[in-house]
Every structure is written in C-alpha cells, then in structure tokens.
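As stored in final36.cif (mmCIF, C-alpha atoms (C1' of nucleotides); chains and numbers go by the auth columns):
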data_start
loop_
_atom_site.group_PDB
_atom_site.id
_atom_site.type_symbol
_atom_site.label_atom_id
_atom_site.label_comp_id
_atom_site.label_asym_id
_atom_site.label_seq_id
_atom_site.Cartn_x
_atom_site.Cartn_y
_atom_site.Cartn_z
_atom_site.B_iso_or_equiv
_atom_site.auth_seq_id
_atom_site.auth_asym_id
ATOM 1 C CA MET A 1 0.000 0.000 0.000 0.00 1 A
ATOM 2 C CA LYS A 2 1.206 3.517 0.621 0.00 2 A
ATOM 3 C CA SER A 3 0.860 4.391 -3.018 0.00 3 A
ATOM 4 C CA ASN A 4 -0.091 7.998 -2.553 0.00 4 A
ATOM 5 C CA PHE A 5 -1.140 8.412 -6.114 0.00 5 A
ATOM 6 C CA PHE A 6 -3.408 5.476 -5.643 0.00 6 A
ATOM 7 C CA ASP A 7 -5.034 6.773 -2.501 0.00 7 A
ATOM 8 C CA ASP A 8 -5.160 10.353 -3.636 0.00 8 A
ATOM 9 C CA VAL A 9 -7.055 9.453 -6.758 0.00 9 A
ATOM 10 C CA VAL A 10 -9.623 7.588 -4.720 0.00 10 A
ATOM 11 C CA ASP A 11 -9.932 10.464 -2.326 0.00 11 A
ATOM 12 C CA LEU A 12 -10.223 13.082 -5.014 0.00 12 A
ATOM 13 C CA VAL A 13 -12.799 11.227 -7.044 0.00 13 A
ATOM 14 C CA LYS A 14 -14.951 11.065 -3.965 0.00 14 A
ATOM 15 C CA LEU A 15 -14.872 14.851 -3.836 0.00 15 A
ATOM 16 C CA ILE A 16 -16.333 15.337 -7.281 0.00 16 A
ATOM 17 C CA PRO A 17 -19.543 17.273 -6.689 0.00 17 A
ATOM 18 C CA TYR A 18 -22.934 16.085 -7.858 0.00 18 A
ATOM 19 C CA GLY A 19 -23.736 16.953 -11.415 0.00 19 A
ATOM 20 C CA ARG A 20 -20.116 17.641 -12.282 0.00 20 A
ATOM 21 C CA VAL A 21 -17.486 15.731 -14.208 0.00 21 A
ATOM 22 C CA THR A 22 -13.730 15.825 -14.371 0.00 22 A
ATOM 23 C CA THR A 23 -10.995 14.253 -16.421 0.00 23 A
ATOM 24 C CA TYR A 24 -8.227 11.775 -15.794 0.00 24 A
ATOM 25 C CA GLY A 25 -5.733 14.422 -16.733 0.00 25 A
ATOM 26 C CA ALA A 26 -7.130 16.958 -14.292 0.00 26 A
ATOM 27 C CA ILE A 27 -6.937 14.459 -11.477 0.00 27 A
ATOM 28 C CA ALA A 28 -3.436 13.411 -12.418 0.00 28 A
ATOM 29 C CA LYS A 29 -2.353 17.003 -12.653 0.00 29 A
ATOM 30 C CA TYR A 30 -3.800 17.826 -9.285 0.00 30 A
ATOM 31 C CA LEU A 31 -1.732 15.019 -7.852 0.00 31 A
ATOM 32 C CA GLY A 32 1.339 16.414 -9.530 0.00 32 A
ATOM 33 C CA ALA A 33 1.615 13.826 -12.287 0.00 33 A
ATOM 34 C CA SER A 34 -0.144 15.347 -15.246 0.00 34 A
ATOM 35 C CA LYS A 35 1.112 12.594 -17.482 0.00 35 A
ATOM 36 C CA SER A 36 0.029 9.642 -15.451 0.00 36 A
ATOM 37 C CA SER A 37 -3.606 9.946 -16.396 0.00 37 A
ATOM 38 C CA ARG A 38 -3.558 6.286 -17.346 0.00 38 A
ATOM 39 C CA THR A 39 -2.856 5.346 -13.795 0.00 39 A
ATOM 40 C CA VAL A 40 -5.925 7.309 -12.781 0.00 40 A
ATOM 41 C CA GLY A 41 -8.025 5.136 -15.016 0.00 41 A
ATOM 42 C CA TRP A 42 -6.351 2.083 -13.635 0.00 42 A
ATOM 43 C CA VAL A 43 -7.205 3.175 -10.099 0.00 43 A
ATOM 44 C CA LEU A 44 -10.832 3.566 -10.993 0.00 44 A
ATOM 45 C CA SER A 45 -11.093 0.183 -12.647 0.00 45 A
ATOM 46 C CA SER A 46 -9.409 -1.330 -9.648 0.00 46 A
ATOM 47 C CA GLN A 47 -10.961 0.560 -6.766 0.00 47 A
ATOM 48 C CA SER A 48 -14.147 2.214 -8.031 0.00 48 A
ATOM 49 C CA ILE A 49 -16.286 -0.658 -6.820 0.00 49 A
ATOM 50 C CA LYS A 50 -14.516 -1.212 -3.530 0.00 50 A
ATOM 51 C CA HIS A 51 -14.586 2.429 -2.579 0.00 51 A
ATOM 52 C CA ASN A 52 -17.881 3.025 -4.309 0.00 52 A
ATOM 53 C CA LEU A 53 -16.427 5.917 -6.234 0.00 53 A
ATOM 54 C CA PRO A 54 -18.500 8.086 -8.567 0.00 54 A
ATOM 55 C CA ALA A 55 -16.305 6.955 -11.408 0.00 55 A
ATOM 56 C CA HIS A 56 -19.067 7.822 -13.845 0.00 56 A
ATOM 57 C CA ARG A 57 -18.133 11.461 -13.258 0.00 57 A
ATOM 58 C CA VAL A 58 -14.690 10.872 -14.678 0.00 58 A
ATOM 59 C CA VAL A 59 -14.305 11.055 -18.435 0.00 59 A
ATOM 60 C CA ASN A 60 -11.453 11.705 -20.792 0.00 60 A
ATOM 61 C CA ARG A 61 -10.425 15.212 -21.764 0.00 61 A
ATOM 62 C CA LEU A 62 -12.901 15.322 -24.623 0.00 62 A
ATOM 63 C CA GLY A 63 -15.817 14.541 -22.364 0.00 63 A
ATOM 64 C CA VAL A 64 -16.145 11.080 -23.815 0.00 64 A
ATOM 65 C CA LEU A 65 -17.248 8.189 -21.665 0.00 65 A
ATOM 66 C CA SER A 66 -14.182 6.230 -22.575 0.00 66 A
ATOM 67 C CA GLY A 67 -14.534 3.942 -19.592 0.00 67 A
ATOM 68 C CA LYS A 68 -18.189 3.049 -19.945 0.00 68 A
ATOM 69 C CA ASN A 69 -17.151 -0.426 -21.078 0.00 69 A
ATOM 70 C CA HIS A 70 -15.859 -1.115 -17.612 0.00 70 A
ATOM 71 C CA PHE A 71 -19.105 -0.506 -15.804 0.00 71 A
ATOM 72 C CA PRO A 72 -21.652 -3.184 -14.891 0.00 72 A
ATOM 73 C CA ASN A 73 -23.375 -2.447 -18.165 0.00 73 A
ATOM 74 C CA LEU A 74 -22.716 -0.119 -21.058 0.00 74 A
ATOM 75 C CA LEU A 75 -25.459 2.317 -20.126 0.00 75 A
ATOM 76 C CA TYR A 76 -24.703 2.592 -16.437 0.00 76 A
ATOM 77 C CA MET A 77 -22.297 5.488 -16.816 0.00 77 A
ATOM 78 C CA GLN A 78 -24.524 7.441 -19.150 0.00 78 A
ATOM 79 C CA GLN A 79 -27.623 6.855 -17.066 0.00 79 A
ATOM 80 C CA LYS A 80 -25.879 7.988 -13.934 0.00 80 A
ATOM 81 C CA LEU A 81 -24.733 11.208 -15.556 0.00 81 A
ATOM 82 C CA GLU A 82 -28.113 11.934 -17.076 0.00 82 A
ATOM 83 C CA GLU A 83 -29.594 11.269 -13.691 0.00 83 A
ATOM 84 C CA GLU A 84 -27.436 14.082 -12.377 0.00 84 A
ATOM 85 C CA GLY A 85 -28.680 16.498 -14.988 0.00 85 A
ATOM 86 C CA LEU A 86 -26.065 15.958 -17.654 0.00 86 A
ATOM 87 C CA ILE A 87 -26.838 15.156 -21.236 0.00 87 A
ATOM 88 C CA ILE A 88 -24.950 12.442 -23.052 0.00 88 A
ATOM 89 C CA THR A 89 -24.866 12.177 -26.816 0.00 89 A
ATOM 90 C CA GLU A 90 -22.788 9.662 -28.703 0.00 90 A
ATOM 91 C CA ASP A 91 -21.036 8.726 -25.465 0.00 91 A
ATOM 92 C CA LYS A 92 -19.988 12.325 -25.020 0.00 92 A
ATOM 93 C CA VAL A 93 -20.990 14.893 -22.418 0.00 93 A
ATOM 94 C CA LEU A 94 -22.950 17.786 -23.853 0.00 94 A
ATOM 95 C CA ASN A 95 -21.465 21.140 -22.810 0.00 95 A
ATOM 96 C CA PHE A 96 -18.736 19.197 -21.111 0.00 96 A
ATOM 97 C CA GLU A 97 -16.829 22.402 -20.453 0.00 97 A
ATOM 98 C CA LYS A 98 -19.698 23.784 -18.403 0.00 98 A
ATOM 99 C CA PHE A 99 -19.855 20.754 -16.165 0.00 99 A
ATOM 100 C CA PHE A 100 -16.138 20.243 -15.999 0.00 100 A
ATOM 101 C CA TRP A 101 -14.917 20.290 -12.429 0.00 101 A
ATOM 102 C CA ASP A 102 -11.252 21.087 -12.257 0.00 102 A
ATOM 103 C CA PRO A 103 -9.783 20.315 -8.826 0.00 103 A
ATOM 104 C CA ASN A 104 -6.892 22.599 -9.656 0.00 104 A
ATOM 105 C CA LYS A 105 -9.264 25.551 -9.934 0.00 105 A
ATOM 106 C CA GLU A 106 -12.422 24.786 -8.023 0.00 106 A
ATOM 107 C CA LEU A 107 -10.905 22.818 -5.231 0.00 107 A
ATOM 108 C CA THR A 108 -8.916 25.837 -4.192 0.00 108 A
ATOM 109 C CA LEU A 109 -6.989 25.349 -1.047 0.00 109 A
ATOM 110 C "C1'" DC B 1 14.249 -8.368 -13.220 0.00 1 B
ATOM 111 C "C1'" DG B 2 12.027 -7.549 -17.613 0.00 2 B
ATOM 112 C "C1'" DG B 3 8.138 -6.863 -20.502 0.00 3 B
ATOM 113 C "C1'" DG B 4 3.313 -5.963 -21.387 0.00 4 B
ATOM 114 C "C1'" DT B 5 -1.042 -3.499 -20.420 0.00 5 B
ATOM 115 C "C1'" DG B 6 -4.363 0.192 -19.365 0.00 6 B
ATOM 116 C "C1'" DA B 7 -11.024 3.980 -18.116 0.00 7 B
ATOM 117 C "C1'" DC B 8 -5.063 9.054 -20.938 0.00 8 B
ATOM 118 C "C1'" DT B 9 -2.635 13.043 -23.002 0.00 9 B
ATOM 119 C "C1'" DC B 10 0.482 15.752 -25.550 0.00 10 B
ATOM 120 C "C1'" DA B 11 3.735 16.617 -29.258 0.00 11 B
ATOM 121 C "C1'" DA B 12 5.641 15.700 -33.542 0.00 12 B
ATOM 122 C "C1'" DA B 13 5.450 14.101 -38.426 0.00 13 B
ATOM 123 C "C1'" DT C 1 -5.898 17.592 -40.611 0.00 1 C
ATOM 124 C "C1'" DT C 2 -5.095 12.865 -39.236 0.00 2 C
ATOM 125 C "C1'" DT C 3 -2.037 9.447 -37.631 0.00 3 C
ATOM 126 C "C1'" DT C 4 1.983 7.875 -34.684 0.00 4 C
ATOM 127 C "C1'" DG C 5 5.036 7.664 -30.963 0.00 5 C
ATOM 128 C "C1'" DA C 6 6.376 8.374 -26.463 0.00 6 C
ATOM 129 C "C1'" DG C 7 5.683 9.427 -21.468 0.00 7 C
ATOM 130 C "C1'" DC C 8 4.100 8.253 -16.971 0.00 8 C
ATOM 131 C "C1'" DC C 9 2.600 5.176 -12.806 0.00 9 C
ATOM 132 C "C1'" DA C 10 1.232 0.905 -10.876 0.00 10 C
ATOM 133 C "C1'" DC C 11 -0.044 -3.968 -11.460 0.00 11 C
ATOM 134 C "C1'" DC C 12 0.426 -8.752 -13.333 0.00 12 C
ATOM 135 C "C1'" DC C 13 2.959 -12.699 -15.382 0.00 13 C
#

Will you turn the file into structure tokens for me?
Amino acid sequence: MKSNFFDDVVDLVKLIPYGRVTTYGAIAKYLGASKSSRTVGWVLSSQSIKHNLPAHRVVNRLGVLSGKNHFPNLLYMQQKLEEEGLIITEDKVLNFEKFFWDPNKELTL
DNA sequence: CGGGTGACTCAAA
DNA sequence: TTTTGAGCCACCC
C-alpha cells in the first residue's frame, strides 16, 4: 500500500460534486503527475467498486465516456450522468466544459 | 528483473 | 488535418 497516487485518486474522485465531471488528466495534474492519467483510469477500474467511487463522473479530456465499457453495463455510466442532470450524446458529455470540475481551480486550497 | 497493459494526453510528423 | 510515438505510474505474469 502507501501508493499515494493510488489513494489520492480515490480520495479526489470522492470529492467530485454532484452533477459535475472531471478528467483523468485533471486528477493526475492535481496530484502532480499530469502525465500519469492512465494510472488514474487504472485506479478507478481497480478501486471504483470497492470504494464506491463516482467513477461515472470521470471522463477523458474530450468529455467522452471512454470507460463506460468497464461498468456493470454499457449504459450505467450514461444513465448515472443523465440522472445528475447531464446530457450524453454519442457517449460524449454535452457542454462538457460547463460541467467540468477542475480540482486545480475549483478545489482551491 | 524484464516486458506488457491500461477507463489518458500531448507533441511531432 | 489525421495518424503515430512516447511518457508516466502501478499492477500482473
């Protein structure tokens, strides 16, 4: 254990506010490793269920539900987001920029 | 120990 | 403009 990156990702994802989405890159950057966005995705696939993380609020930088294939079913991610007021078209978040939650900016410390 | 993989991203050709 | 290649971090074989 002790993998800070690992734990930090889990912790940060839990902080994503309702009706908002963020990106792997934003999370990675917030943790100081802007280029390890892949690891972020790996953390989700590995711990999202255990920690019950709102992984559906994490998409790639284009607002695409790139990880939907890893959910219980292919519509889970989209349904969850729509349930929170977001609109998904072609596996992409409509007005993604408006709903984008950047920990680096909004999670000001 | 070495090599491969992944829910990504950026830069170069 | 589209397509490649490389980087980065952690896990698995």

Under the rule of at most 8 Å, produce a per-residue listing of chain A near chain C: chain, number, name, the closest pair of atoms, and the distance in Å, as CSV, using all atoms listed in the file.
residue,atom,partner,partner_atom,distance
A:Ala33,CA,C:DC8,C1',7.7
A:Lys35,CA,C:DC8,C1',5.3
A:Ser36,CA,C:DC8,C1',4.6
A:Ser37,CA,C:DC8,C1',7.9
A:Arg38,CA,C:DC9,C1',7.7
A:Thr39,CA,C:DC9,C1',5.5

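Across the structure, CA of Leu81 in chain A and CA of Lys98 in chain A are spaced 13.8 Å apart.
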
Give me the residues near range 1-12 of chain B as a PyMOL selection string, where near means some atom within 9 Å (using only C-alpha atoms (C1' of nucleotides)) and where sequence neighbours in that chain fewer than 3 positions away do not count.
(chain A and resi 24-25+34-45+58-61+65-70) or (chain C and resi 4-5+12)

Between CA of Lys105 in chain A and CA of Thr22 in chain A, what is the spacing in Å?
11.6 Å

Residue nearest chain B - candidates A:Tyr18, A:Gln47, A:Leu107, A:Phe5, atoms counted: only C-alpha atoms (C1' of nucleotides):
A:Gln47

Would you mind reading off the distance between CA of Val9 in chain A and CA of Lys50 in chain A, one decimal, in Å?
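Interatomic distance, CA of Val9 in chain A to CA of Lys50 in chain A: 13.4 Å.
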
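Each of A:Phe71, A:Phe96, A:Tyr30, A:Phe6 was compared to chain B using only C-alpha atoms (C1' of nucleotides), and A:Phe71 turns out to be the nearest.
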